[in-house]
$ cat target.cif   # mmCIF, C-alpha atoms
data_work
loop_
_atom_site.label_atom_id
_atom_site.label_comp_id
_atom_site.auth_asym_id
_atom_site.auth_seq_id
_atom_site.Cartn_x
_atom_site.Cartn_y
_atom_site.Cartn_z
CA MET A 9 157.97 252.13 109.78
CA THR A 10 154.19 252.09 110.25
CA ILE A 11 152.38 250.90 107.15
CA ASP A 12 149.03 252.51 106.41
CA LEU A 13 146.89 250.40 104.08
CA THR A 14 144.23 253.10 103.71
CA THR A 15 143.23 253.33 100.07
CA ARG A 16 141.17 256.09 98.46
CA PHE A 17 138.99 254.64 95.73
CA THR A 18 136.10 256.33 93.90
CA GLY A 19 136.25 259.09 96.50
CA LEU A 20 135.88 256.69 99.44
CA ASP A 21 138.51 255.92 102.07
CA PHE A 22 138.92 252.17 102.59
CA VAL A 23 140.94 251.02 105.59
CA ASN A 24 142.48 248.53 103.16
CA PRO A 25 141.78 247.77 99.48
CA PHE A 26 140.27 244.32 100.08
CA VAL A 27 136.52 243.90 99.70
CA LEU A 28 134.22 240.89 99.83
CA ALA A 29 132.41 240.58 96.52
CA SER A 30 128.66 240.35 96.03
CA ALA A 31 128.00 236.67 96.73
CA PRO A 32 127.16 234.28 99.59
CA PRO A 33 129.84 235.84 101.88
CA THR A 34 127.77 239.04 101.92
CA GLU A 35 124.28 237.56 101.90
CA SER A 36 123.30 238.54 105.44
CA LYS A 37 123.86 241.00 108.25
CA ARG A 38 125.48 238.28 110.35
CA LYS A 39 128.10 237.46 107.72
CA ILE A 40 128.88 241.08 106.90
CA LEU A 41 129.37 241.99 110.56
CA ARG A 42 131.70 239.02 110.97
CA ALA A 43 133.61 240.07 107.85
CA PHE A 44 134.16 243.56 109.25
CA GLU A 45 135.21 242.15 112.59
CA ALA A 46 137.82 240.08 110.71
CA GLY A 47 139.22 243.17 108.99
CA TRP A 48 137.77 243.46 105.48
CA GLY A 49 137.87 247.02 104.20
CA GLY A 50 134.46 246.84 102.59
CA VAL A 51 131.72 244.60 101.29
CA VAL A 52 129.53 244.57 98.24
CA THR A 53 126.23 243.13 99.39
CA LYS A 54 124.60 240.19 97.71
CA THR A 55 122.52 241.73 94.95
CA ILE A 56 119.25 243.26 96.14
CA GLY A 57 116.30 243.30 93.77
CA LEU A 58 112.55 243.76 93.68
CA HIS A 59 111.50 240.80 91.52
CA PRO A 60 110.63 237.34 92.94
CA VAL A 61 113.65 235.09 93.60
CA GLU A 62 113.62 231.35 94.25
CA ASN A 63 116.76 229.25 94.03
CA VAL A 64 117.10 225.75 92.61
CA ALA A 65 115.96 222.71 94.62
CA GLY A 66 119.48 221.43 95.19
CA PRO A 67 123.08 222.57 95.77
CA LYS A 68 123.67 226.15 94.64
CA THR A 69 127.49 226.15 94.71
CA ILE A 70 130.17 223.48 94.31
CA TYR A 71 133.96 223.62 94.58
CA GLN A 72 136.10 221.83 92.02
CA ARG A 73 139.52 220.42 92.75
CA ALA A 74 142.45 219.00 90.77
CA SER A 75 145.39 216.71 91.51
CA ASP A 76 148.64 215.80 89.76
CA VAL A 77 148.01 212.17 90.74
CA LYS A 78 144.59 212.02 89.13
CA PRO A 79 144.77 215.13 86.94
CA TYR A 80 141.09 215.69 86.28
CA VAL A 81 138.86 218.39 87.69
CA SER A 82 136.03 217.25 89.91
CA ARG A 83 133.92 218.32 92.85
CA TYR A 84 134.41 214.91 94.43
CA LYS A 85 136.85 214.92 97.31
CA ARG A 86 140.08 213.01 96.71
CA PRO A 87 143.37 212.96 98.61
CA ASP A 88 146.10 215.47 97.73
CA THR A 89 143.91 217.83 95.72
CA VAL A 90 144.04 221.60 95.44
CA SER A 91 141.37 224.16 94.68
CA HIS A 92 140.67 224.69 90.99
CA SER A 93 137.46 226.72 90.82
CA SER A 94 133.95 227.23 92.06
CA TRP A 95 130.77 226.75 90.08
CA ASN A 96 127.37 228.14 90.99
CA TRP A 97 123.92 228.79 89.63
CA GLU A 98 122.81 230.83 92.60
CA LEU A 99 120.47 233.74 92.06
CA ILE A 100 120.48 237.17 93.66
CA SER A 101 119.37 237.71 97.26
CA ASP A 102 116.01 236.27 98.19
CA GLN A 103 115.95 238.64 101.18
CA PRO A 104 113.50 241.47 100.38
CA LEU A 105 114.51 245.11 100.33
CA GLU A 106 112.42 245.79 103.44
CA GLN A 107 114.56 243.31 105.39
CA TRP A 108 117.84 244.55 103.96
CA LEU A 109 117.32 248.22 104.88
CA PRO A 110 117.43 247.97 108.70
CA ASP A 111 120.26 245.45 108.40
CA LEU A 112 122.31 247.80 106.25
CA GLU A 113 121.70 250.68 108.64
CA GLU A 114 122.86 248.57 111.60
CA ILE A 115 125.95 247.38 109.74
CA LYS A 116 126.99 250.90 108.84
CA THR A 117 126.28 252.21 112.32
CA THR A 118 128.35 249.41 113.87
CA PHE A 119 131.29 249.88 111.49
CA PRO A 120 131.21 253.51 110.30
CA ASP A 121 134.78 253.32 108.96
CA ARG A 122 134.05 250.37 106.64
CA MET A 123 132.63 250.81 103.18
CA VAL A 124 129.25 249.27 102.43
CA ILE A 125 128.46 249.04 98.74
CA ALA A 126 124.94 247.89 97.93
CA SER A 127 124.64 245.71 94.85
CA ILE A 128 121.30 246.31 93.16
CA MET A 129 119.56 244.99 90.07
CA ALA A 130 116.34 245.73 88.24
CA GLY A 131 115.24 245.22 84.65
CA ALA A 132 115.37 247.29 81.50
CA GLY A 133 111.89 246.92 80.11
CA GLY A 134 110.75 250.51 80.24
CA GLU A 135 110.21 253.37 82.67
CA ALA A 136 108.74 251.14 85.38
CA GLU A 137 112.04 249.26 85.58
CA MET A 138 114.02 252.50 85.58
CA GLU A 139 111.94 253.55 88.55
CA ASN A 140 112.83 250.24 90.23
CA TRP A 141 116.52 251.11 89.83
CA ARG A 142 115.82 254.51 91.39
CA LYS A 143 113.82 252.98 94.25
CA LEU A 144 116.58 250.51 95.10
CA ALA A 145 119.26 253.20 94.86
CA ARG A 146 117.46 255.74 97.04
CA ALA A 147 116.53 253.17 99.65
CA CYS A 148 120.05 251.78 100.06
CA VAL A 149 121.72 255.17 100.12
CA GLY A 150 119.06 256.40 102.52
CA VAL A 151 120.19 253.94 105.21
CA GLY A 152 123.86 254.83 104.86
CA CYS A 153 125.38 252.79 102.02
CA ASP A 154 128.53 254.47 100.77
CA ALA A 155 128.21 253.44 97.12
CA LEU A 156 126.18 251.29 94.75
CA GLU A 157 127.22 248.50 92.42
CA LEU A 158 124.86 247.94 89.48
CA ASN A 159 124.65 244.25 88.63
CA MET A 160 124.83 243.97 84.85
CA SER A 161 126.73 240.71 84.95
CA CYS A 162 124.74 237.92 86.63
CA PRO A 163 124.89 234.98 84.18
CA HIS A 164 121.86 233.15 85.64
CA MET A 165 118.89 235.27 84.59
CA ASP A 166 115.87 233.89 82.73
CA ARG A 167 114.64 237.43 82.16
CA LYS A 168 116.28 238.87 79.06
CA ASP A 169 116.21 242.40 80.45
CA MET A 170 118.40 241.65 83.48
CA GLY A 171 121.94 240.80 84.47
CA ALA A 172 124.46 239.75 81.84
CA ASN A 173 121.74 239.84 79.21
CA ILE A 174 121.81 243.64 79.12
CA ALA A 175 125.55 244.29 79.43
CA ASN A 176 126.07 244.28 75.64
CA ASP A 177 123.51 247.03 75.06
CA GLU A 178 125.17 250.41 75.46
CA ASP A 179 121.86 252.26 75.31
CA ILE A 180 120.52 250.26 78.25
CA ILE A 181 123.73 250.81 80.19
CA ARG A 182 123.40 254.55 79.66
CA SER A 183 119.70 254.63 80.55
CA VAL A 184 120.20 252.70 83.81
CA LEU A 185 123.11 254.92 84.84
CA THR A 186 121.13 258.04 84.00
CA ALA A 187 118.32 256.82 86.23
CA VAL A 188 120.56 255.90 89.15
CA THR A 189 122.96 258.85 89.05
CA GLY A 190 119.98 261.17 88.83
CA ALA A 191 118.49 259.64 91.95
CA VAL A 192 121.47 259.51 94.33
CA ASP A 193 124.75 261.29 94.92
CA VAL A 194 127.19 258.49 95.78
CA PRO A 195 129.79 256.64 93.70
CA VAL A 196 128.13 254.21 91.29
CA TRP A 197 130.08 251.11 90.31
CA VAL A 198 129.01 248.98 87.35
CA LYS A 199 129.68 245.24 87.35
CA LEU A 200 129.91 244.02 83.77
CA THR A 201 129.93 240.50 82.44
CA PRO A 202 133.24 239.22 81.04
CA ALA A 203 131.35 237.13 78.48
CA THR A 204 131.25 239.66 75.68
CA SER A 205 133.49 240.77 72.85
CA THR A 206 132.36 244.37 73.36
CA LEU A 207 133.45 244.73 76.99
CA VAL A 208 135.69 247.74 76.37
CA ASP A 209 132.91 249.55 74.52
CA ALA A 210 130.42 248.71 77.27
CA ALA A 211 132.83 250.03 79.89
CA GLY A 212 133.30 253.21 77.88
CA ALA A 213 129.55 253.72 77.71
CA ALA A 214 129.27 253.22 81.46
CA TYR A 215 132.08 255.64 82.27
CA GLU A 216 130.63 258.23 79.88
CA ALA A 217 127.22 257.91 81.56
CA GLY A 218 128.62 258.55 85.02
CA ALA A 219 129.98 255.26 86.36
CA SER A 220 132.65 255.83 88.99
CA CYS A 221 134.12 252.37 88.55
CA ILE A 222 133.88 249.17 86.52
CA SER A 223 133.88 245.97 88.58
CA LEU A 224 135.03 242.78 86.86
CA CYS A 225 135.12 239.92 86.42
CA ASN A 226 131.96 238.24 87.52
CA THR A 227 131.87 234.48 87.06
CA PHE A 228 132.20 233.13 83.53
CA PRO A 229 129.18 231.33 82.01
CA SER A 230 129.93 227.62 82.12
CA LEU A 231 128.56 224.12 82.62
CA PRO A 232 129.37 221.57 85.34
CA LEU A 233 131.07 218.31 84.47
CA MET A 234 129.35 215.00 83.78
CA ASP A 235 130.68 211.87 85.48
CA PRO A 236 131.63 209.28 82.82
CA GLU A 237 130.55 206.39 85.03
CA THR A 238 127.20 207.59 86.32
CA LEU A 239 126.35 209.94 83.41
CA LYS A 240 125.21 212.45 86.02
CA PHE A 241 126.28 216.05 86.14
CA GLU A 242 128.26 216.87 89.27
CA VAL A 243 125.44 219.22 90.19
CA GLU A 244 121.96 218.82 88.76
CA VAL A 245 118.28 218.85 89.64
CA ASP A 246 116.14 215.96 88.35
CA GLY A 247 118.91 215.13 85.90
CA TYR A 248 118.94 218.61 84.37
CA VAL A 249 121.37 221.49 84.53
CA THR A 250 121.63 224.96 83.02
CA SER A 251 124.38 227.50 82.57
CA GLY A 252 126.08 228.63 85.76
CA GLY A 253 129.12 230.69 86.63
CA GLN A 254 132.71 229.58 87.12
CA GLY A 255 134.89 231.50 89.55
CA GLY A 256 137.98 231.00 91.64
CA LEU A 257 141.60 230.57 90.65
CA ALA A 258 140.71 229.03 87.28
CA ILE A 259 139.49 232.37 85.92
CA LEU A 260 142.42 234.48 87.16
CA HIS A 261 144.22 234.89 83.83
CA GLN A 262 141.04 235.66 81.90
CA ALA A 263 140.02 238.22 84.52
CA LEU A 264 143.43 239.90 84.33
CA GLN A 265 143.11 240.14 80.53
CA ARG A 266 139.81 241.98 80.82
CA VAL A 267 141.03 244.31 83.55
CA SER A 268 144.06 245.07 81.39
CA ASP A 269 141.89 245.74 78.32
CA ILE A 270 139.77 248.29 80.15
CA SER A 271 142.67 249.84 82.05
CA ARG A 272 144.66 250.41 78.87
CA ALA A 273 141.65 251.87 77.09
CA TYR A 274 140.71 254.12 80.04
CA PRO A 275 143.87 254.55 82.15
CA ASP A 276 142.41 257.39 84.20
CA LYS A 277 139.28 255.48 85.23
CA ALA A 278 138.72 253.28 88.29
CA ILE A 279 138.52 249.48 88.20
CA SER A 280 137.64 247.05 90.99
CA GLY A 281 139.39 243.76 90.16
CA ILE A 282 137.69 240.41 90.76
CA GLY A 283 138.47 236.83 89.82
CA GLY A 284 140.73 234.23 91.39
CA ILE A 285 142.31 236.21 94.23
CA LYS A 286 143.55 233.70 96.82
CA GLY A 287 146.45 235.71 98.20
CA PHE A 288 148.68 238.72 97.72
CA ARG A 289 150.31 237.55 94.47
CA GLU A 290 146.98 237.44 92.65
CA ALA A 291 145.93 240.77 94.15
CA PHE A 292 149.27 242.28 93.11
CA ASN A 293 148.65 241.29 89.51
CA PHE A 294 145.28 243.01 89.42
CA ILE A 295 146.90 246.15 90.82
CA VAL A 296 149.74 246.29 88.29
CA HIS A 297 147.18 245.95 85.51
CA GLY A 298 145.30 248.97 86.85
CA ALA A 299 142.84 247.87 89.55
CA GLY A 300 142.65 250.17 92.56
CA ASN A 301 140.43 247.92 94.62
CA LEU A 302 140.26 244.11 95.02
CA GLN A 303 137.15 241.99 95.46
CA VAL A 304 137.29 238.41 96.75
CA CYS A 305 134.71 235.63 96.81
CA THR A 306 135.64 231.95 96.25
CA ALA A 307 138.74 231.93 98.46
CA ALA A 308 136.72 233.38 101.35
CA MET A 309 133.91 230.88 100.87
CA GLU A 310 136.33 227.95 100.85
CA GLU A 311 138.06 228.86 104.10
CA LYS A 312 137.07 226.31 106.71
CA GLY A 313 135.85 227.61 110.04
CA SER A 314 135.35 231.19 108.89
CA GLY A 315 131.67 230.98 108.14
CA GLY A 316 132.53 231.65 104.52
CA VAL A 317 133.92 235.17 105.03
CA GLY A 318 137.68 234.55 104.93
CA VAL A 319 138.78 235.46 108.45
CA GLN A 320 142.34 234.17 107.99
CA LEU A 321 142.41 235.27 104.36
CA ILE A 322 141.94 238.97 105.10
CA GLN A 323 144.62 238.80 107.79
CA GLU A 324 147.03 237.23 105.29
CA LEU A 325 146.16 239.71 102.55
CA THR A 326 146.69 242.79 104.72
CA ARG A 327 149.85 241.39 106.31
CA ASP A 328 151.42 240.43 102.98
CA LEU A 329 150.49 243.73 101.34
CA GLY A 330 151.93 245.64 104.30
CA GLU A 331 155.17 243.66 104.20
CA TYR A 332 155.47 244.24 100.45
CA LEU A 333 154.92 247.99 100.76
CA GLU A 334 157.53 248.19 103.49
CA ALA A 335 160.07 246.04 101.65
CA LYS A 336 159.75 248.07 98.45
CA GLY A 337 159.51 251.46 100.13
CA HIS A 338 156.03 252.14 98.78
CA SER A 339 153.55 254.33 100.63
CA SER A 340 150.47 252.82 98.97
CA ILE A 341 149.36 250.60 96.10
CA GLU A 342 149.22 253.72 93.94
CA ASP A 343 153.02 253.57 93.74
CA PHE A 344 152.82 250.48 91.51
CA ARG A 345 149.27 250.47 90.21
CA GLY A 346 149.14 250.16 86.43
CA ILE A 347 152.87 249.57 85.91
CA ALA A 348 152.16 246.63 83.60
CA ARG A 349 150.12 248.70 81.13
CA GLU A 350 152.97 249.80 78.87
CA ARG A 351 154.35 246.27 78.66
CA ILE A 352 151.17 244.86 77.13
CA VAL A 353 151.58 245.23 73.36
CA GLU A 354 150.20 243.89 70.08
CA HIS A 355 151.35 240.43 69.04
CA SER A 356 153.40 241.87 66.20
CA LYS A 357 155.41 243.95 68.69
CA ILE A 358 156.93 240.88 70.33
CA ARG A 359 160.46 240.20 69.07
CA ARG A 360 160.73 237.30 66.62
CA LYS A 361 163.59 235.01 65.68
CA SER A 362 164.22 237.05 62.55
CA GLU A 363 163.78 240.71 61.66
CA ASP A 364 161.63 239.99 58.60
CA TYR A 365 158.33 239.30 60.36
CA ASN A 366 155.63 241.72 59.22
CA GLY A 367 152.73 241.00 61.51
CA GLY A 368 151.45 238.17 59.34
CA TYR A 369 151.11 240.30 56.21
CA ALA A 370 152.90 239.53 52.99
CA ILE A 371 155.72 241.97 52.35
CA PRO A 372 155.14 243.75 48.99
CA ALA A 373 157.60 242.82 46.27
#
$ encode --input "target.cif" --output "structure tokens"
Amino acid sequence: MTIDLTTRFTGLDFVNPFVLASAPPTESKRKILRAFEAGWGGVVTKTIGLHPVENVAGPKTIYQRASDVKPYVSRYKRPDTVSHSSWNWELISDQPLEQWLPDLEEIKTTFPDRMVIASIMAGAGGEAEMENWRKLARACVGVGCDALELNMSCPHMDRKDMGANIANDEDIIRSVLTAVTGAVDVPVWVKLTPATSTLVDAAGAAYEAGASCISLCNTFPSLPLMDPETLKFEVEVDGYVTSGGQGGLAILHQALQRVSDISRAYPDKAISGIGGIKGFREAFNFIVHGAGNLQVCTAAMEEKGSGGVGVQLIQELTRDLGEYLEAKGHSSIEDFRGIARERIVEHSKIRRKSEDYNGGYAIPA
């Protein structure tokens, strides 16, 4: 039996459902071309903007590890450790739009069957910023990008009208989507921050305003650890640190919760799942909670010898998915996508030791 991993998502045909997320693995033409050579079905470019970008004067990303022998989390290498998470305070692409455009055109020309999604970000401080969203959108689509992902989730922005700072404002979400969808005719994905109690409402506003897909989760706002002996943070500049983003396997369960929340609220809408995918089992869990597309970052970056694009990882993901489909008699991931939805219930619906439990409320006399 020949297994076809082709997946239709937001109207686009992916040769497989695995995509490199917007991050260092997709920061350059060289890396993206290598990723497509390895077999990734698509990429979301590192976020392209128009405002000045300058990264910190030190390490931008660290990888944290844990061990059952010394069961603490640390970036410092120790024997017999396993990956726990990544932490970064990296900003969006410092490569200007004018440099990205010919690169994107070459990438798409070289791999016409692979999906190129341009991640873009501008501000929300008035019509000039709306025009920046339009300019970015038109330019990227004009050189062949198949879709756009609007970055409303970056946790590292000083500007209060950008990134995760705007993802709680439904009016801003609507205004940005109105600007972008009015400027281009391609699927528009919206990447929302997981660090909000109004995520489902924000997703609803995005869908209502024309979003084809919600992408989540971006990294969770977090701080690096301080060493108890040296009193230094494990990553710092001149002794100082600021909020960064935690990703990798450590955020898997939180990411699944948020995908589930949105999928159950909007079961007919598209979700691109991100957060802690290291292999097929993690990807499978995003699918059963409703994701129709899988984005990967930390696991690809950590793979030695791949240039940070997960050459072996994509081979393992496609092989394991193919073997699963064949073993279960499925024709595609749509055969089991969302099957977990009906089994996620309110706390009071879980069977208790007695039949008298009333959801925490006192039973009237």
$ resolve_selection --input "target.cif" --expression "the PyMOL selection byres ((chain A and resi 201) around 7)" --output "short mmCIF file (atom, residue, chain, number, x, y, z; two decimals) with C-alpha atoms, keeping the file's coordinate frame"
data_model
loop_
_atom_site.label_atom_id
_atom_site.label_comp_id
_atom_site.auth_asym_id
_atom_site.auth_seq_id
_atom_site.Cartn_x
_atom_site.Cartn_y
_atom_site.Cartn_z
CA MET A 160 124.83 243.97 84.85
CA SER A 161 126.73 240.71 84.95
CA ALA A 172 124.46 239.75 81.84
CA ALA A 175 125.55 244.29 79.43
CA LYS A 199 129.68 245.24 87.35
CA LEU A 200 129.91 244.02 83.77
CA PRO A 202 133.24 239.22 81.04
CA ALA A 203 131.35 237.13 78.48
CA THR A 204 131.25 239.66 75.68
CA CYS A 225 135.12 239.92 86.42
CA ASN A 226 131.96 238.24 87.52
#
$ residues_around --input "target.cif" --residues "His92 in chain A" --least-positions-apart "2" --cutoff "7 Å" --atoms "all atoms listed in the file" --output "count of residues only"
7
$ atom_distance --input "target.cif" --atom1 "CA of Thr15 in chain A" --atom2 "CA of Ala217 in chain A"
24.9 Å
$ closest_residue --input "target.cif" --among "A:Phe344, A:Ala43, A:Met123, A:Leu207" --to "Pro195 in chain A" --atoms "all atoms listed in the file"
A:Met123
$ resolve_selection --input "target.cif" --expression "the PyMOL selection byres ((chain A and resi 191) around 12)" --output "list in words"
Met138, Glu139, Asn140, Trp141, Arg142, Lys143, Leu144, Ala145, Arg146, Ala147, Cys148, Val149, Gly150, Leu156, Val184, Leu185, Thr186, Ala187, Val188, Thr189, Gly190, Val192, Asp193, Val194, Pro195 and Val196 of chain A
$ closest_atom_pairs --input "target.cif" --of "range 183-266 of chain A" --to "range 282-303 of chain A" --cutoff "10 Å" --atoms "only C-alpha atoms" --output "JSON lines"
{"residue": "A:Lys199", "atom": "CA", "partner": "A:Ile282", "partner_atom": "CA", "distance": 10.0}
{"residue": "A:Cys221", "atom": "CA", "partner": "A:Gly300", "partner_atom": "CA", "distance": 9.7}
{"residue": "A:Ile222", "atom": "CA", "partner": "A:Ala299", "partner_atom": "CA", "distance": 9.5}
{"residue": "A:Ser223", "atom": "CA", "partner": "A:Ile282", "partner_atom": "CA", "distance": 7.1}
{"residue": "A:Leu224", "atom": "CA", "partner": "A:Ile282", "partner_atom": "CA", "distance": 5.3}
{"residue": "A:Cys225", "atom": "CA", "partner": "A:Ile282", "partner_atom": "CA", "distance": 5.1}
{"residue": "A:Asn226", "atom": "CA", "partner": "A:Ile282", "partner_atom": "CA", "distance": 6.9}
{"residue": "A:Thr227", "atom": "CA", "partner": "A:Gly283", "partner_atom": "CA", "distance": 7.5}
{"residue": "A:Phe228", "atom": "CA", "partner": "A:Gly283", "partner_atom": "CA", "distance": 9.6}
{"residue": "A:Gln254", "atom": "CA", "partner": "A:Gly283", "partner_atom": "CA", "distance": 9.6}
{"residue": "A:Gly255", "atom": "CA", "partner": "A:Gly283", "partner_atom": "CA", "distance": 6.4}
{"residue": "A:Gly256", "atom": "CA", "partner": "A:Gly284", "partner_atom": "CA", "distance": 4.2}
{"residue": "A:Leu257", "atom": "CA", "partner": "A:Gly284", "partner_atom": "CA", "distance": 3.8}
{"residue": "A:Ala258", "atom": "CA", "partner": "A:Gly284", "partner_atom": "CA", "distance": 6.6}
{"residue": "A:Ile259", "atom": "CA", "partner": "A:Gly284", "partner_atom": "CA", "distance": 5.9}
{"residue": "A:Leu260", "atom": "CA", "partner": "A:Gly284", "partner_atom": "CA", "distance": 4.6}
{"residue": "A:His261", "atom": "CA", "partner": "A:Gly284", "partner_atom": "CA", "distance": 8.4}
{"residue": "A:Gln262", "atom": "CA", "partner": "A:Gly283", "partner_atom": "CA", "distance": 8.4}
{"residue": "A:Ala263", "atom": "CA", "partner": "A:Gly283", "partner_atom": "CA", "distance": 5.7}
{"residue": "A:Leu264", "atom": "CA", "partner": "A:Phe294", "partner_atom": "CA", "distance": 6.2}
{"residue": "A:Gln265", "atom": "CA", "partner": "A:His297", "partner_atom": "CA", "distance": 8.7}
{"residue": "A:Arg266", "atom": "CA", "partner": "A:His297", "partner_atom": "CA", "distance": 9.6}
$ closest_residue --input "target.cif" --among "A:Lys37, A:Lys78, A:Gly133, A:Gly57" --to "Asp111 in chain A" --atoms "all atoms listed in the file"
A:Lys37
$ resolve_selection --input "target.cif" --expression "the PyMOL selection byres ((chain A and resi 310) around 12)" --output "PDB file with C-alpha atoms, keeping the file's coordinate frame"
ATOM      1  CA  PRO A  32     127.160 234.280  99.590  1.00  0.00           C
ATOM      2  CA  PRO A  33     129.840 235.840 101.880  1.00  0.00           C
ATOM      3  CA  THR A  69     127.490 226.150  94.710  1.00  0.00           C
ATOM      4  CA  ILE A  70     130.170 223.480  94.310  1.00  0.00           C
ATOM      5  CA  TYR A  71     133.960 223.620  94.580  1.00  0.00           C
ATOM      6  CA  GLN A  72     136.100 221.830  92.020  1.00  0.00           C
ATOM      7  CA  ARG A  73     139.520 220.420  92.750  1.00  0.00           C
ATOM      8  CA  VAL A  90     144.040 221.600  95.440  1.00  0.00           C
ATOM      9  CA  SER A  91     141.370 224.160  94.680  1.00  0.00           C
ATOM     10  CA  HIS A  92     140.670 224.690  90.990  1.00  0.00           C
ATOM     11  CA  SER A  93     137.460 226.720  90.820  1.00  0.00           C
ATOM     12  CA  SER A  94     133.950 227.230  92.060  1.00  0.00           C
ATOM     13  CA  GLY A 255     134.890 231.500  89.550  1.00  0.00           C
ATOM     14  CA  GLY A 256     137.980 231.000  91.640  1.00  0.00           C
ATOM     15  CA  LEU A 257     141.600 230.570  90.650  1.00  0.00           C
ATOM     16  CA  LYS A 286     143.550 233.700  96.820  1.00  0.00           C
ATOM     17  CA  VAL A 304     137.290 238.410  96.750  1.00  0.00           C
ATOM     18  CA  CYS A 305     134.710 235.630  96.810  1.00  0.00           C
ATOM     19  CA  THR A 306     135.640 231.950  96.250  1.00  0.00           C
ATOM     20  CA  ALA A 307     138.740 231.930  98.460  1.00  0.00           C
ATOM     21  CA  ALA A 308     136.720 233.380 101.350  1.00  0.00           C
ATOM     22  CA  MET A 309     133.910 230.880 100.870  1.00  0.00           C
ATOM     23  CA  GLU A 311     138.060 228.860 104.100  1.00  0.00           C
ATOM     24  CA  LYS A 312     137.070 226.310 106.710  1.00  0.00           C
ATOM     25  CA  GLY A 313     135.850 227.610 110.040  1.00  0.00           C
ATOM     26  CA  SER A 314     135.350 231.190 108.890  1.00  0.00           C
ATOM     27  CA  GLY A 315     131.670 230.980 108.140  1.00  0.00           C
ATOM     28  CA  GLY A 316     132.530 231.650 104.520  1.00  0.00           C
ATOM     29  CA  VAL A 317     133.920 235.170 105.030  1.00  0.00           C
ATOM     30  CA  GLY A 318     137.680 234.550 104.930  1.00  0.00           C
ATOM     31  CA  VAL A 319     138.780 235.460 108.450  1.00  0.00           C
ATOM     32  CA  GLN A 320     142.340 234.170 107.990  1.00  0.00           C
ATOM     33  CA  LEU A 321     142.410 235.270 104.360  1.00  0.00           C
TER      34      LEU A 321
END
$ closest_residue --input "target.cif" --among "A:Val27, A:Val124, A:Ala211, A:Leu20" --to "Ala46 in chain A" --atoms "only C-alpha atoms"
A:Val27
$ residues_around --input "target.cif" --residues "Ala126 in chain A" --least-positions-apart "4" --cutoff "7 Å" --atoms "all atoms listed in the file" --output "list in words"
Val52, Thr53, Cys148, Cys153, Ala155, Leu156 and Glu157 of chain A
$ atom_distance --input "target.cif" --atom1 "CA of Arg167 in chain A" --atom2 "CA of Leu112 in chain A"
27.3 Å
$ axis_aligned_box --input "target.cif" --around "range 296-309 of chain A" --padding-each-side "6 Å" --output "AutoDock Vina command-line options"
--center_x 141.8 --center_y 240.5 --center_z 93.4 --size_x 27.8 --size_y 31.3 --size_z 27.8
$ atom_distance --input "target.cif" --atom1 "CA of Arg122 in chain A" --atom2 "CA of Ser268 in chain A"
27.7 Å
$ residues_near_point --input "target.cif" --point "(126.1, 228.2, 96.2)" --cutoff "6 Å" --atoms "all atoms listed in the file" --output "list in words"
Lys68, Thr69, Asn96 and Glu98 of chain A
